[in-house]
Amino acid sequence: MSLENGKTGSYGTVMLTTGFLLGSSLVLIPGRVAGHDAWIAVLLGLAEGLLFAWLFAGLAGRFPGKTFVEIADMVYGRSLGKLISAAFLWYLLHLGAMVLANFTIYFSSLLMPETPKVVFSLLVTLVCASAAGKGIEVLTRCSELLTPLILLLIVSDTLLMIGNYHLKYLQPFLEAPLPRLLWAAHGAASSPFGETVAFLMVMAFLDNTRESYPALAKGLATAGLALAVITARNAAILGPTEKAFIFPSYQVITMINIADITRVEALVSAAILMMGFLKVATLLYGTALGTAQVFGLRSYRPLVLPAGILMVLLCLQAFSSTPDMLQFAEKIYPIYALPFQIGIPLVTLVVAAIRKLPQESR
Amino acid sequence: MPGILLAFIVLVAVLEIPRLAAKGWWRELVVFSLFLAAGFILSLLLTLGVQLPYISPAITHMIERLFGL
């Protein structure tokens with residue numbers, strides 16, 4: 001018996017992937033280690049991310065209609081499979097908590113300093129849980145509506161600031177030394193592009209399995225180009241002062257001034273939160289569905305709220321401070337994410353190929 | 001402030017447990033209760049002012065030891 005009866009189309013998956021990738025990256029801009037060459041790092045990271053996506057789609061395409069938990073059960077056998085699924089589900093839960101923490105810190109340090117963090121993260125999680133409990137179709141429909149809106153917002157933001165660009169801030173081209181540029185590129189590949197590993201729980205419900213790689217790649221390319229534009233814009237507007245800001249995009253948006261209409265940052269931040277909603281809801285959905293499959297339950301819906309509560313708690317305990325969050329994102333996360341983003345899918349694919357699965361089981 | 005979380009957990013339990021029990025979904029009820037109990041204990045500790053460990057410093061420590069950074 002399947003736990004999810006919904007089906008998603010190709011367009012919905014592209015939009016969900018785009019929204020998912022833009023999620024926390026609009027708050028914590030990727031590739032910042034490379035300074036004003038960050039946009040190059042983002043594009044290099046996109047290339048690495050497309051390789052990751054090829055791996056994920058290859059795994060999903062080999063086992064059509066199966067989520068990662070079911071794949072692991074088939075490939076590794078029941079007990080080892082469940083152990084590996086548990087590690088994978090921990091990553092989804094922890095990633096969701098970190099995204100929630102990014103947004104909580106963003107809002108509580110810039111816009112609502114008096115609001116306790118728990119109120120904020122609980123409210124966001126409630127909305128996400130409501131969407132995740134409704135199933136994959138509702139999630140993709142939400143993204144079909146919300147993601148184009150954000151893409152439009154990014155384009156208009158960028159155009160509205162056109163008078164403030166100083167192209168000399170982007171020169172000299174490729175100033176960052178190669179190792180640092182590559183590290184920044186890998187950082188961008190691990191967050192956000194490699195995080196599409198969560199789609200191993202979602203791609204099973206694509207109505208046409210052959211479209212899983214094109215859909216993922218289109219989403220990656222859209223989000224990657226948008227992020228490259230944003231990083232180049234931030235560098236061209238803020239210049240060397242960019243390093244001084246924790247959230248440079250926010251700083252850029254405060255400078256928008258159209259015929260004395262200013263202070264649009266609250267509006268833009270609320271809009272950015274919609275992308276965070278898509279990301280957290282997808283991760284919550286993946287965690288609840290995966291846990292239900294591990295335990296062999298009849299429905300994943302009862303698990304959405306308890307998993308959401310655990311996510312809120314992990315979010316409160318995720319980072320000890322804002323500098324800790326930045327340090328972790330820049331130095332540790334690109335290493336921490338490796339086993340989950342490449343290790344588990346790659347090993348699973350190789351073992352499946354050696355055991356000639358799934359052809360023999362049919 | 002984590003008291004809000006505690007109240008919310010109790011609310012979820014009150015609403016969901018009878019629904020699951022009425023359907024006779026005992027397996028679901030057990031997993032649901034395990035997850036919720038973990039959340040309940042953690043938020044109770046937070047409400048009582050116990051300083052729980054943070055996750056990212058722990059992972060940082062682990063990775064630094066593994067790779068000798």
# chains A, B, ... in the order shown; residues from 1 in each chain; ligands from 1
>>> interface_residues(of="chain A", to="chain B", cutoff="10 Å", atoms="only C-alpha atoms", output="CSV table (one decimal) with N, CA, C and O atoms, in the first residue's frame")
chain,number,residue,atom,x,y,z
A,94,HIS,N,17.6,17.5,10.3
A,94,HIS,CA,18.6,18.5,10.8
A,94,HIS,C,18.7,19.6,9.8
A,94,HIS,O,18.8,20.8,10.2
A,98,MET,N,18.0,23.5,10.5
A,98,MET,CA,19.0,24.6,10.2
A,98,MET,C,18.4,25.7,9.3
A,98,MET,O,18.7,26.9,9.5
A,116,PRO,N,10.2,36.2,20.8
A,116,PRO,CA,11.0,35.0,21.2
A,116,PRO,C,11.1,34.1,20.0
A,116,PRO,O,10.2,34.0,19.2
A,117,LYS,N,12.3,33.5,19.9
A,117,LYS,CA,12.6,32.6,18.7
A,117,LYS,C,11.6,31.5,18.5
A,117,LYS,O,11.3,31.1,17.4
A,118,VAL,N,11.2,30.9,19.7
A,118,VAL,CA,10.3,29.7,19.6
A,118,VAL,C,9.0,30.0,19.0
A,118,VAL,O,8.5,29.2,18.2
A,119,VAL,N,8.5,31.2,19.2
A,119,VAL,CA,7.2,31.6,18.6
A,119,VAL,C,7.3,31.6,17.1
A,119,VAL,O,6.5,31.1,16.4
A,122,LEU,N,7.9,28.1,15.7
A,122,LEU,CA,6.7,27.2,15.8
A,122,LEU,C,5.7,27.6,14.8
A,122,LEU,O,5.1,26.8,14.1
A,291,THR,N,9.9,8.3,7.8
A,291,THR,CA,9.8,7.6,9.1
A,291,THR,C,8.6,6.6,9.1
A,291,THR,O,8.8,5.5,9.6
A,292,ALA,N,7.5,7.0,8.5
A,292,ALA,CA,6.4,6.1,8.4
A,292,ALA,C,6.8,4.9,7.6
A,292,ALA,O,6.3,3.7,7.9
A,295,PHE,N,9.0,2.5,9.7
A,295,PHE,CA,8.2,1.7,10.7
A,295,PHE,C,7.0,0.9,10.1
A,295,PHE,O,6.3,0.2,10.8
A,296,GLY,N,6.9,1.0,8.8
A,296,GLY,CA,5.8,0.3,8.1
A,296,GLY,C,4.4,0.7,8.5
A,296,GLY,O,3.5,-0.1,8.8
A,297,LEU,N,4.2,2.0,8.6
A,297,LEU,CA,2.9,2.5,9.1
A,297,LEU,C,1.9,2.7,7.9
A,297,LEU,O,2.3,2.6,6.7
A,298,ARG,N,0.6,2.9,8.2
A,298,ARG,CA,-0.4,3.0,7.2
A,298,ARG,C,-0.6,4.4,6.7
A,298,ARG,O,-1.2,4.7,5.6
A,299,SER,N,-0.1,5.4,7.4
A,299,SER,CA,-0.2,6.8,7.0
A,299,SER,C,1.0,7.6,7.6
A,299,SER,O,1.4,7.2,8.7
A,300,TYR,N,1.5,8.6,6.9
A,300,TYR,CA,2.6,9.4,7.5
A,300,TYR,C,2.0,10.6,8.2
A,300,TYR,O,2.7,11.3,8.9
A,301,ARG,N,0.7,10.9,8.0
A,301,ARG,CA,0.1,12.1,8.5
A,301,ARG,C,0.2,12.3,10.0
A,301,ARG,O,0.5,13.4,10.4
A,302,PRO,N,0.0,11.3,10.8
A,302,PRO,CA,0.1,11.5,12.3
A,302,PRO,C,1.5,11.9,12.7
A,302,PRO,O,1.7,12.5,13.7
A,303,LEU,N,2.6,11.6,11.8
A,303,LEU,CA,3.9,11.9,12.2
A,303,LEU,C,4.4,13.3,11.8
A,303,LEU,O,5.4,13.7,12.3
A,304,VAL,N,3.6,14.0,11.0
A,304,VAL,CA,4.0,15.3,10.6
A,304,VAL,C,4.2,16.3,11.7
A,304,VAL,O,5.3,17.0,11.8
A,305,LEU,N,3.2,16.4,12.6
A,305,LEU,CA,3.3,17.4,13.7
A,305,LEU,C,4.4,17.0,14.7
A,305,LEU,O,5.2,17.8,15.1
A,306,PRO,N,4.5,15.7,15.2
A,306,PRO,CA,5.6,15.4,16.1
A,306,PRO,C,7.0,15.7,15.4
A,306,PRO,O,7.9,16.2,16.1
A,307,ALA,N,7.2,15.3,14.1
A,307,ALA,CA,8.4,15.6,13.5
A,307,ALA,C,8.7,17.1,13.4
A,307,ALA,O,9.8,17.6,13.6
A,308,GLY,N,7.6,17.9,13.2
A,308,GLY,CA,7.7,19.3,13.2
A,308,GLY,C,8.1,19.9,14.5
A,308,GLY,O,9.0,20.8,14.6
A,309,ILE,N,7.6,19.3,15.6
A,309,ILE,CA,8.0,19.8,16.9
A,309,ILE,C,9.5,19.5,17.2
A,309,ILE,O,10.2,20.3,17.7
A,310,LEU,N,9.9,18.3,16.8
A,310,LEU,CA,11.3,18.0,16.9
A,310,LEU,C,12.2,18.9,16.1
A,310,LEU,O,13.3,19.4,16.5
A,311,MET,N,11.7,19.3,14.9
A,311,MET,CA,12.4,20.3,14.1
A,311,MET,C,12.5,21.6,14.8
A,311,MET,O,13.6,22.3,14.8
A,312,VAL,N,11.5,22.1,15.4
A,312,VAL,CA,11.5,23.3,16.2
A,312,VAL,C,12.6,23.2,17.3
A,312,VAL,O,13.4,24.2,17.5
A,313,LEU,N,12.6,22.1,18.0
A,313,LEU,CA,13.5,22.0,19.1
A,313,LEU,C,14.9,21.9,18.6
A,313,LEU,O,15.8,22.6,19.2
A,314,LEU,N,15.2,21.2,17.5
A,314,LEU,CA,16.5,21.2,16.9
A,314,LEU,C,16.9,22.6,16.4
A,314,LEU,O,18.1,23.0,16.5
A,315,CYS,N,15.9,23.3,15.9
A,315,CYS,CA,16.2,24.7,15.4
A,315,CYS,C,16.7,25.5,16.6
A,315,CYS,O,17.6,26.3,16.4
A,316,LEU,N,16.0,25.4,17.8
A,316,LEU,CA,16.4,26.2,18.9
A,316,LEU,C,17.8,25.8,19.4
A,316,LEU,O,18.6,26.7,19.9
A,317,GLN,N,18.2,24.6,19.2
A,317,GLN,CA,19.5,24.1,19.6
A,317,GLN,C,20.5,24.0,18.5
A,317,GLN,O,21.6,23.5,18.7
A,318,ALA,N,20.2,24.5,17.3
A,318,ALA,CA,21.0,24.2,16.1
A,318,ALA,C,22.3,25.0,16.3
A,318,ALA,O,23.4,24.5,16.1
A,319,PHE,N,22.3,26.3,16.5
A,319,PHE,CA,23.5,27.1,16.5
A,319,PHE,C,23.5,27.9,17.9
A,319,PHE,O,22.5,28.4,18.3
A,320,SER,N,24.8,28.0,18.4
A,320,SER,CA,24.9,28.6,19.7
A,320,SER,C,24.8,30.2,19.5
A,320,SER,O,24.4,30.9,20.5
A,321,SER,N,25.2,30.7,18.4
A,321,SER,CA,25.1,32.1,18.1
A,321,SER,C,25.1,32.4,16.6
A,321,SER,O,25.3,31.5,15.8
A,324,ASP,N,28.5,31.6,15.1
A,324,ASP,CA,28.6,30.2,15.0
A,324,ASP,C,27.9,29.6,13.8
A,324,ASP,O,28.4,28.8,13.1
A,325,MET,N,26.7,30.2,13.4
A,325,MET,CA,26.0,29.8,12.3
A,325,MET,C,26.8,30.1,11.0
A,325,MET,O,26.9,29.2,10.1
A,327,GLN,N,30.1,30.5,10.7
A,327,GLN,CA,31.3,29.7,10.7
A,327,GLN,C,30.9,28.3,10.3
A,327,GLN,O,31.6,27.7,9.5
A,328,PHE,N,29.8,27.7,10.8
A,328,PHE,CA,29.4,26.4,10.5
A,328,PHE,C,29.1,26.3,9.0
A,328,PHE,O,29.5,25.4,8.3
A,329,ALA,N,28.3,27.3,8.5
A,329,ALA,CA,27.9,27.2,7.1
A,329,ALA,C,29.2,27.3,6.2
A,329,ALA,O,29.2,26.7,5.1
A,331,LYS,N,32.6,26.7,7.0
A,331,LYS,CA,33.7,25.8,7.2
A,331,LYS,C,33.3,24.3,7.3
A,331,LYS,O,34.0,23.4,6.8
A,332,ILE,N,32.3,24.1,8.1
A,332,ILE,CA,32.0,22.7,8.5
A,332,ILE,C,31.0,22.0,7.6
A,332,ILE,O,31.1,20.9,7.2
A,333,TYR,N,29.9,22.8,7.3
A,333,TYR,CA,28.8,22.1,6.6
A,333,TYR,C,29.2,21.5,5.3
A,333,TYR,O,28.7,20.4,5.0
A,335,ILE,N,31.7,19.8,4.6
A,335,ILE,CA,32.2,18.5,4.9
A,335,ILE,C,31.2,17.6,5.5
A,335,ILE,O,31.0,16.5,5.1
A,336,TYR,N,30.4,18.2,6.4
A,336,TYR,CA,29.4,17.4,7.1
A,336,TYR,C,28.4,16.8,6.1
A,336,TYR,O,27.9,15.7,6.3
>>> residues_around(residues="Thr241 (chain A)", least_positions_apart="6", cutoff="12 Å", atoms="only C-alpha atoms", output="count of residues only")
9
>>> atom_distance(atom1="CA of Ser190 (chain A)", atom2="CA of Gly49 (chain A)")
7.6 Å
>>> atom_distance(atom1="CA of Leu181 (chain A)", atom2="CA of Pro30 (chain A)")
11.9 Å
>>> residues_around(residues="region 142-151 of chain A", least_positions_apart="4", cutoff="12 Å", atoms="only C-alpha atoms", output="JSON, numbers by chain")
{"A": [8, 9, 10, 11, 12, 13, 14, 15, 16, 17, 18, 19, 20, 21, 22, 23, 26, 128, 131, 132, 134, 135, 136, 137, 138, 155, 156, 157, 158, 219, 222, 223, 224, 225, 226, 227, 229, 230, 267, 268, 269, 270, 271, 272, 273, 274, 275, 276, 277, 278, 279, 281, 282]}
>>> write_last_selection(atoms="C-alpha atoms", output="CSV table (one decimal), in the first residue's frame")
chain,number,residue,atom,x,y,z
A,8,THR,CA,3.4,15.6,-9.5
A,9,GLY,CA,4.0,17.0,-13.0
A,10,SER,CA,7.3,18.0,-14.4
A,11,TYR,CA,6.6,21.8,-14.2
A,12,GLY,CA,5.6,21.5,-10.5
A,13,THR,CA,8.8,19.6,-9.7
A,14,VAL,CA,10.9,22.3,-11.5
A,15,MET,CA,9.2,25.0,-9.5
A,16,LEU,CA,9.5,23.0,-6.2
A,17,THR,CA,13.2,22.4,-6.8
A,18,THR,CA,13.8,26.1,-7.6
A,19,GLY,CA,11.9,27.3,-4.6
A,20,PHE,CA,13.6,24.6,-2.4
A,21,LEU,CA,17.0,25.8,-3.6
A,22,LEU,CA,16.2,29.5,-3.2
A,23,GLY,CA,14.9,28.8,0.3
A,26,LEU,CA,18.3,34.1,-0.2
A,128,CYS,CA,4.7,23.9,6.9
A,131,ALA,CA,1.1,21.8,3.8
A,132,ALA,CA,3.2,18.7,4.3
A,134,LYS,CA,-1.8,17.6,2.7
A,135,GLY,CA,0.6,15.6,0.5
A,136,ILE,CA,3.0,16.2,-2.4
A,137,GLU,CA,0.4,17.6,-4.8
A,138,VAL,CA,-0.4,20.5,-2.5
A,155,VAL,CA,14.4,40.4,-11.3
A,156,SER,CA,12.6,43.5,-10.2
A,157,ASP,CA,14.8,44.0,-7.2
A,158,THR,CA,17.8,43.8,-9.4
A,219,GLY,CA,15.2,23.7,-11.2
A,222,THR,CA,17.0,28.5,-12.6
A,223,ALA,CA,17.9,28.8,-9.0
A,224,GLY,CA,21.7,28.8,-9.8
A,225,LEU,CA,21.3,31.7,-12.3
A,226,ALA,CA,19.1,33.6,-9.8
A,227,LEU,CA,21.7,33.2,-7.0
A,229,VAL,CA,22.6,37.4,-10.3
A,230,ILE,CA,22.0,38.1,-6.6
A,267,LEU,CA,7.8,43.1,2.4
A,268,VAL,CA,10.7,41.4,0.6
A,269,SER,CA,11.7,39.5,3.7
A,270,ALA,CA,8.2,38.2,4.1
A,271,ALA,CA,8.3,37.1,0.4
A,272,ILE,CA,11.7,35.4,1.0
A,273,LEU,CA,10.0,33.5,3.9
A,274,MET,CA,7.7,31.9,1.3
A,275,MET,CA,10.7,30.1,-0.2
A,276,GLY,CA,11.8,29.0,3.3
A,277,PHE,CA,8.3,27.6,3.7
A,278,LEU,CA,8.6,25.5,0.6
A,279,LYS,CA,12.0,24.2,1.7
A,281,ALA,CA,7.7,21.8,4.2
A,282,THR,CA,9.4,19.6,1.7
>>> select_by_dssp(residues="region 125-335 of chain A", states="helix (DSSP H, G or I)", output="ChimeraX atom specification")
/A:125-134,136-160,162-164,167-170,178-190,193-201,203-205,209-244,248-254,265-295,301-316,322-335
>>> atom_distance(atom1="CA of Val280 (chain A)", atom2="CA of Met203 (chain A)")
16.8 Å
>>> residues_around(residues="Leu50 (chain A)", least_positions_apart="2", cutoff="9 Å", atoms="only C-alpha atoms", output="list in words")
Gly45, Leu46, Ala47, Glu48, Phe52, Ala53, Trp54, Leu55, Ala189, Phe193, Gly194, Leu216, Ala217, Leu220 and Ala221 of chain A
